[in-house]
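Dumped entry-v3.tsv below, it's TSV, C-alpha atoms (C1' of nucleotides):
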```tsv
chain	number	residue	atom	x	y	z
A	1	MET	CA	12.23	-36.03	54.39
A	2	GLY	CA	10.07	-38.64	56.05
A	3	LYS	CA	7.32	-39.26	53.54
A	4	ILE	CA	7.47	-42.98	54.24
A	5	ARG	CA	6.19	-44.38	57.51
A	6	MET	CA	8.70	-46.73	59.04
A	7	THR	CA	6.50	-49.78	59.31
A	8	PRO	CA	8.14	-53.17	59.89
A	9	ALA	CA	7.52	-54.01	56.24
A	10	VAL	CA	9.35	-50.88	55.06
A	11	LEU	CA	12.18	-51.52	57.48
A	12	GLU	CA	12.54	-54.98	56.03
A	13	GLN	CA	13.07	-53.50	52.59
A	14	ILE	CA	15.60	-51.03	53.95
A	15	ALA	CA	17.37	-53.85	55.78
A	16	ASP	CA	17.62	-55.74	52.51
A	17	ARG	CA	19.35	-52.77	50.93
A	18	PHE	CA	21.81	-52.50	53.80
A	19	LYS	CA	22.41	-56.24	53.71
A	20	VAL	CA	23.60	-55.95	50.13
A	21	LEU	CA	26.18	-53.39	51.26
A	22	GLY	CA	27.13	-55.59	54.20
A	23	ASP	CA	29.54	-57.73	52.25
A	24	PRO	CA	33.20	-56.77	51.67
A	25	THR	CA	33.31	-58.40	48.25
A	26	ARG	CA	30.42	-56.32	47.00
A	27	LEU	CA	31.93	-53.16	48.44
A	28	ARG	CA	35.16	-53.95	46.59
A	29	LEU	CA	33.21	-54.25	43.37
A	30	LEU	CA	31.45	-50.94	43.99
A	31	GLN	CA	34.80	-49.32	44.72
A	32	ALA	CA	36.23	-50.75	41.54
A	33	LEU	CA	33.31	-49.21	39.64
A	34	ARG	CA	34.22	-45.80	41.05
A	35	GLY	CA	36.69	-45.59	38.15
A	36	GLY	CA	33.83	-45.86	35.68
A	37	GLU	CA	32.09	-48.49	33.63
A	38	ALA	CA	33.81	-51.88	33.53
A	39	THR	CA	33.28	-55.36	32.14
A	40	VAL	CA	33.05	-58.44	34.35
A	41	SER	CA	36.50	-59.53	33.21
A	42	GLU	CA	37.99	-56.20	34.19
A	43	LEU	CA	36.39	-56.45	37.61
A	44	ILE	CA	37.73	-59.97	38.03
A	45	GLU	CA	41.22	-58.75	37.23
A	46	ALA	CA	40.91	-55.62	39.36
A	47	THR	CA	39.80	-57.57	42.43
A	48	GLY	CA	41.47	-60.95	41.96
A	49	LEU	CA	38.20	-62.72	42.74
A	50	GLY	CA	36.77	-65.78	41.01
A	51	GLN	CA	34.55	-65.42	37.96
A	52	ALA	CA	31.46	-67.13	39.37
A	53	ASN	CA	31.84	-65.15	42.56
A	54	VAL	CA	32.05	-61.80	40.79
A	55	SER	CA	29.18	-62.58	38.48
A	56	LYS	CA	26.96	-63.64	41.34
A	57	HIS	CA	27.67	-60.56	43.42
A	58	LEU	CA	27.06	-58.33	40.43
A	59	GLN	CA	23.62	-59.88	40.06
A	60	VAL	CA	22.92	-59.03	43.70
A	61	LEU	CA	24.11	-55.44	43.30
A	62	HIS	CA	22.11	-55.01	40.15
A	63	GLY	CA	19.04	-56.62	41.67
A	64	SER	CA	19.06	-53.96	44.38
A	65	GLY	CA	19.53	-51.19	41.84
A	66	TYR	CA	23.04	-50.22	42.83
A	67	THR	CA	24.34	-50.75	39.30
A	68	SER	CA	23.18	-50.37	35.74
A	69	ARG	CA	24.43	-52.53	32.88
A	70	ARG	CA	24.46	-52.85	29.15
A	71	LYS	CA	25.42	-55.73	26.93
A	72	GLU	CA	27.83	-55.25	24.06
A	73	GLY	CA	28.50	-58.45	22.18
A	74	LEU	CA	30.02	-60.96	24.57
A	75	PHE	CA	30.69	-58.32	27.20
A	76	THR	CA	28.52	-56.91	29.92
A	77	TRP	CA	29.44	-53.42	31.08
A	78	TYR	CA	28.52	-52.50	34.63
A	79	ARG	CA	28.42	-49.03	36.13
A	80	LEU	CA	27.22	-47.38	39.32
A	81	SER	CA	23.60	-46.38	38.85
A	82	ASP	CA	23.95	-43.22	40.99
A	83	VAL	CA	26.20	-41.54	43.51
A	84	ASP	CA	24.09	-42.26	46.60
A	85	VAL	CA	25.95	-45.51	47.10
A	86	LEU	CA	29.22	-43.67	47.45
A	87	GLN	CA	27.58	-41.16	49.75
A	88	LEU	CA	26.44	-44.02	51.96
A	89	CYS	CA	29.95	-45.47	52.01
A	90	ASP	CA	31.44	-42.09	52.83
A	91	LEU	CA	29.02	-41.59	55.71
A	92	MET	CA	29.90	-45.00	57.07
A	93	CYS	CA	33.55	-44.27	56.50
A	94	GLY	CA	33.21	-41.08	58.53
A	95	ARG	CA	31.85	-43.11	61.42
A	96	LEU	CA	34.84	-45.43	61.21
A	97	GLU	CA	37.24	-42.52	61.18
A	98	ARG	CA	35.75	-40.93	64.27
A	99	ASP	CA	35.64	-44.23	66.13
A	100	HIS	CA	39.27	-44.92	65.33
A	101	LEU	CA	40.27	-41.48	66.55
A	102	ALA	CA	38.27	-41.98	69.73
A	103	GLN	CA	39.91	-45.33	70.27
A	104	GLN	CA	43.36	-43.87	69.72
A	105	ARG	CA	42.64	-41.22	72.30
A	106	LEU	CA	41.62	-43.88	74.78
A	107	LEU	CA	44.73	-45.92	74.11
A	108	GLY	CA	46.86	-42.81	74.35
A	109	ARG	CA	45.48	-42.01	77.76
A	110	GLU	CA	45.87	-45.48	79.14
A	111	ARG	CA	49.52	-45.83	78.20
B	112	MET	CA	36.23	-36.47	52.43
B	113	GLY	CA	38.30	-39.49	51.55
B	114	LYS	CA	41.05	-39.48	54.13
B	115	ILE	CA	40.86	-43.25	54.37
B	116	ARG	CA	42.13	-45.43	51.53
B	117	MET	CA	39.57	-48.04	50.60
B	118	THR	CA	41.72	-51.10	51.12
B	119	PRO	CA	40.03	-54.50	51.36
B	120	ALA	CA	40.63	-54.43	55.13
B	121	VAL	CA	38.88	-51.09	55.51
B	122	LEU	CA	36.04	-52.23	53.30
B	123	GLU	CA	35.62	-55.23	55.54
B	124	GLN	CA	35.11	-52.95	58.54
B	125	ILE	CA	32.63	-50.85	56.61
B	126	ALA	CA	30.81	-53.99	55.51
B	127	ASP	CA	30.54	-55.02	59.15
B	128	ARG	CA	28.83	-51.72	59.96
B	129	PHE	CA	26.40	-52.12	57.10
B	130	LYS	CA	25.76	-55.72	58.09
B	131	VAL	CA	24.56	-54.53	61.49
B	132	LEU	CA	22.01	-52.30	59.76
B	133	GLY	CA	21.04	-55.14	57.44
B	134	ASP	CA	18.60	-56.71	59.84
B	135	PRO	CA	14.97	-55.58	60.18
B	136	THR	CA	14.83	-56.33	63.88
B	137	ARG	CA	17.77	-54.05	64.61
B	138	LEU	CA	16.28	-51.31	62.44
B	139	ARG	CA	13.06	-51.60	64.42
B	140	LEU	CA	15.02	-51.12	67.61
B	141	LEU	CA	16.80	-48.09	66.20
B	142	GLN	CA	13.48	-46.65	65.10
B	143	ALA	CA	12.04	-47.24	68.55
B	144	LEU	CA	14.99	-45.32	69.99
B	145	ARG	CA	14.11	-42.36	67.79
B	146	GLY	CA	11.66	-41.38	70.51
B	147	GLY	CA	14.49	-41.10	73.01
B	148	GLU	CA	16.20	-43.18	75.65
B	149	ALA	CA	14.45	-46.42	76.57
B	150	THR	CA	14.93	-49.46	78.77
B	151	VAL	CA	15.12	-52.99	77.39
B	152	SER	CA	11.67	-53.73	78.76
B	153	GLU	CA	10.23	-50.74	76.99
B	154	LEU	CA	11.83	-51.84	73.73
B	155	ILE	CA	10.45	-55.33	74.21
B	156	GLU	CA	6.98	-53.92	74.65
B	157	ALA	CA	7.33	-51.44	71.82
B	158	THR	CA	8.42	-54.08	69.33
B	159	GLY	CA	6.70	-57.21	70.61
B	160	LEU	CA	9.96	-59.17	70.32
B	161	GLY	CA	11.36	-61.72	72.75
B	162	GLN	CA	13.60	-60.65	75.63
B	163	ALA	CA	16.68	-62.67	74.64
B	164	ASN	CA	16.25	-61.52	71.08
B	165	VAL	CA	16.11	-57.84	71.98
B	166	SER	CA	19.00	-58.10	74.38
B	167	LYS	CA	21.23	-59.81	71.83
B	168	HIS	CA	20.46	-57.32	69.08
B	169	LEU	CA	21.11	-54.44	71.48
B	170	GLN	CA	24.55	-55.90	72.19
B	171	VAL	CA	25.24	-55.97	68.47
B	172	LEU	CA	24.08	-52.38	67.98
B	173	HIS	CA	26.11	-51.22	70.95
B	174	GLY	CA	29.16	-53.19	69.84
B	175	SER	CA	29.17	-51.26	66.58
B	176	GLY	CA	28.72	-47.95	68.38
B	177	TYR	CA	25.21	-47.22	67.17
B	178	THR	CA	23.92	-46.86	70.73
B	179	SER	CA	25.11	-45.64	74.09
B	180	ARG	CA	23.81	-47.01	77.38
B	181	ARG	CA	23.78	-46.40	81.08
B	182	LYS	CA	22.76	-48.60	83.97
B	183	GLU	CA	20.36	-47.40	86.58
B	184	GLY	CA	19.61	-50.00	89.22
B	185	LEU	CA	18.03	-52.98	87.54
B	186	PHE	CA	17.45	-51.12	84.31
B	187	THR	CA	19.67	-50.46	81.32
B	188	TRP	CA	18.81	-47.35	79.34
B	189	TYR	CA	19.74	-47.35	75.67
B	190	ARG	CA	19.86	-44.35	73.37
B	191	LEU	CA	21.09	-43.54	69.87
B	192	SER	CA	24.72	-42.51	70.10
B	193	ASP	CA	24.43	-39.97	67.24
B	194	VAL	CA	22.19	-38.94	64.39
B	195	ASP	CA	24.28	-40.41	61.57
B	196	VAL	CA	22.36	-43.66	61.88
B	197	LEU	CA	19.12	-41.90	61.09
B	198	GLN	CA	20.80	-40.06	58.24
B	199	LEU	CA	21.89	-43.40	56.81
B	200	CYS	CA	18.35	-44.75	57.11
B	201	ASP	CA	16.92	-41.65	55.48
B	202	LEU	CA	19.34	-41.90	52.58
B	203	MET	CA	18.40	-45.53	52.09
B	204	CYS	CA	14.77	-44.61	52.46
B	205	GLY	CA	15.17	-42.02	49.70
B	206	ARG	CA	16.47	-44.72	47.39
B	207	LEU	CA	13.44	-46.86	48.16
B	208	GLU	CA	11.08	-44.00	47.47
B	209	ARG	CA	12.61	-43.23	44.10
B	210	ASP	CA	12.64	-46.89	43.10
B	211	HIS	CA	9.01	-47.28	44.03
B	212	LEU	CA	8.08	-44.22	42.01
B	213	ALA	CA	10.04	-45.51	39.04
B	214	GLN	CA	8.32	-48.86	39.33
B	215	GLN	CA	4.91	-47.24	39.54
B	216	ARG	CA	5.66	-45.27	36.39
B	217	LEU	CA	6.58	-48.49	34.62
B	218	LEU	CA	3.42	-50.23	35.79
B	219	GLY	CA	1.36	-47.22	34.81
B	220	ARG	CA	2.75	-47.29	31.30
B	221	GLU	CA	2.30	-51.00	30.81
B	222	ARG	CA	-1.35	-51.03	31.73
C	223	DC	C1'	28.55	-76.40	11.29
C	224	DT	C1'	32.82	-76.21	15.11
C	225	DA	C1'	35.77	-73.82	18.29
C	226	DC	C1'	36.38	-70.22	21.33
C	227	DT	C1'	35.21	-66.54	24.61
C	228	DA	C1'	32.47	-63.82	28.21
C	229	DT	C1'	29.10	-64.19	31.33
C	230	DA	C1'	25.46	-66.50	33.90
C	231	DT	C1'	23.71	-70.34	36.51
C	232	DT	C1'	23.69	-74.54	39.18
C	233	DC	C1'	25.31	-77.47	42.72
C	234	DC	C1'	27.77	-78.49	46.82
C	235	DC	C1'	29.96	-77.46	51.08
C	236	DA	C1'	31.22	-74.80	55.05
C	237	DT	C1'	30.23	-71.06	57.71
C	238	DC	C1'	27.33	-67.44	59.69
C	239	DG	C1'	23.43	-65.44	61.80
C	240	DG	C1'	18.67	-65.02	63.73
C	241	DG	C1'	15.30	-66.87	67.04
C	242	DT	C1'	14.23	-69.14	71.30
C	243	DA	C1'	14.54	-71.73	75.71
C	244	DG	C1'	16.92	-72.11	79.51
C	245	DT	C1'	20.26	-70.38	82.71
C	246	DA	C1'	23.19	-67.01	84.98
C	247	DT	C1'	24.16	-62.47	86.90
C	248	DG	C1'	23.13	-58.70	89.58
C	249	DC	C1'	20.25	-55.42	91.79
C	250	DT	C1'	16.23	-54.42	95.05
C	251	DA	C1'	12.98	-55.27	98.70
C	252	DC	C1'	12.00	-57.51	102.70
D	253	DG	C1'	19.63	-64.36	104.49
D	254	DT	C1'	15.23	-65.32	100.55
D	255	DA	C1'	12.25	-63.79	96.79
D	256	DG	C1'	11.54	-61.43	92.76
D	257	DC	C1'	12.70	-58.71	88.87
D	258	DA	C1'	15.54	-56.76	84.65
D	259	DT	C1'	18.99	-57.90	81.84
D	260	DA	C1'	22.75	-60.68	79.89
D	261	DC	C1'	24.70	-65.02	78.39
D	262	DT	C1'	24.80	-69.91	76.56
D	263	DA	C1'	23.34	-73.71	73.84
D	264	DC	C1'	20.95	-75.31	70.25
D	265	DC	C1'	18.28	-75.53	65.78
D	266	DC	C1'	17.74	-74.11	61.32
D	267	DG	C1'	17.59	-71.33	57.31
D	268	DA	C1'	20.49	-68.08	54.71
D	269	DT	C1'	24.73	-66.96	52.43
D	270	DG	C1'	29.53	-66.79	50.46
D	271	DG	C1'	32.95	-69.33	47.71
D	272	DG	C1'	34.39	-72.39	44.11
D	273	DA	C1'	33.99	-76.22	40.49
D	274	DA	C1'	31.50	-77.57	36.98
D	275	DT	C1'	28.07	-76.65	33.60
D	276	DA	C1'	25.02	-73.84	30.70
D	277	DT	C1'	24.02	-69.96	27.71
D	278	DA	C1'	24.93	-66.90	24.22
D	279	DG	C1'	27.58	-64.30	21.21
D	280	DT	C1'	31.73	-64.31	17.80
D	281	DA	C1'	35.05	-66.11	14.40
D	282	DG	C1'	36.26	-69.14	10.98
```
Structure translated into structure tokens:
Amino acid sequence: MGKIRMTPAVLEQIADRFKVLGDPTRLRLLQALRGGEATVSELIEATGLGQANVSKHLQVLHGSGYTSRRKEGLFTWYRLSDVDVLQLCDLMCGRLERDHLAQQRLLGRER
Amino acid sequence: MGKIRMTPAVLEQIADRFKVLGDPTRLRLLQALRGGEATVSELIEATGLGQANVSKHLQVLHGSGYTSRRKEGLFTWYRLSDVDVLQLCDLMCGRLERDHLAQQRLLGRER
DNA sequence: CTACTATATTCCCATCGGGTAGTATGCTAC
DNA sequence: GTAGCATACTACCCGATGGGAATATAGTAG
């Protein structure tokens, strides 16, 4: 597993990757892409976000390699570049789930 | 897997978790904790960061449940609360590795 | 060519977040 | 009690970032 040594420089690159996922708007876009390839317009409609906003975030996602894209006439089709992204989200989601359960247990005991 | 529906509210919570990992200083602290429980002073020495800085980031990590802690006299001992954090880092690290390889292949071809 | 459309980019503003210095808290030793 | 230490908290500066309006680019239709 650990072929890479976790030097500060490497950690900075990893942090950059996490930072890209640390924005709800971008996560919404990634979720929307779960359904398959989509154009920018479709993503705008699916999320209700502004055009400039969506376009900008898509550049960020693509810049970090989370998406692939192809141009077809006026349209740009975006898709998830691999499934690791979803795996990351699911892992994080699992953490959330457990924490919520733990919190509910605490609340249940107190009341 | 997907017991939770990915509503915008949920995605916001997930984004918050990722945001915490999206900072190189915090990743350095998590890495330092890989070696086991440590006091704040030890983390300061291990990383070379300022005291206030380390303390603040530890609050953030603890607030998101990435660490547990116990007080012992003057000292506060921090430790990783589970191994999922490391799994997340390894997954992200795997992405990095593949991207670097892909980039090297491209550079190799061009020259 | 002009008009229209989809996407990208630029600019501006408000907010957020990291780093640091200084201060506060709280424990220990004496 | 005082002195000293480990840690936490506050205040401040400053650079980064998200959002939106306006503008630019580039492809299409006629």
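Interatomic distance, atom CA of B:Arg190 to atom CA of B:Glu148: 4.5 Å.
Residue-level contact on chain A: within 10 Å of chain C, counting all atoms listed in the file, the set is A:Thr39, A:Val40, A:Ser41, A:Gln51, A:Ala52, A:Ser55, A:Lys56, A:Gln59, A:Gly73, A:Leu74, A:Phe75, A:Thr76.
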Original post:
Of the residues D:DA255, D:DC261, D:DC266, D:DA274, which is the one nearest to chain A, using all atoms listed in the file?
Top reply: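 Checking each of D:DA255, D:DC261, D:DC266, D:DA274 against chain A, counting all atoms listed in the file, the winner is D:DA274.
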**OP:** Go ahead and compute the interatomic distance for atom CA of A:Arg34 and atom CA of A:His100, in Å to one decimal.
**Re:** 24.8 Å
Subject >> Interface, chain A side, toward chain B (10 Å; only C-alpha atoms) as a ChimeraX atom specification >> reply: /A:1-28,31,47,64-66,82,84-85,87-97,99
**OP:** Starting from chain D, keep only residues with some atom at most 12 Å from an atom of chain A, counting all atoms listed in the file, and report them as a PyMOL selection string.
**Re:** chain D and resi 269-275+277-280
Subject >> Distance of atom CA of B:Gly146 from atom CA of B:Tyr189, expressed in Å to one decimal place >> reply: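 Atom-to-atom, atom CA of B:Tyr189 and atom CA of B:Gly146 are spaced 11.3 Å apart.
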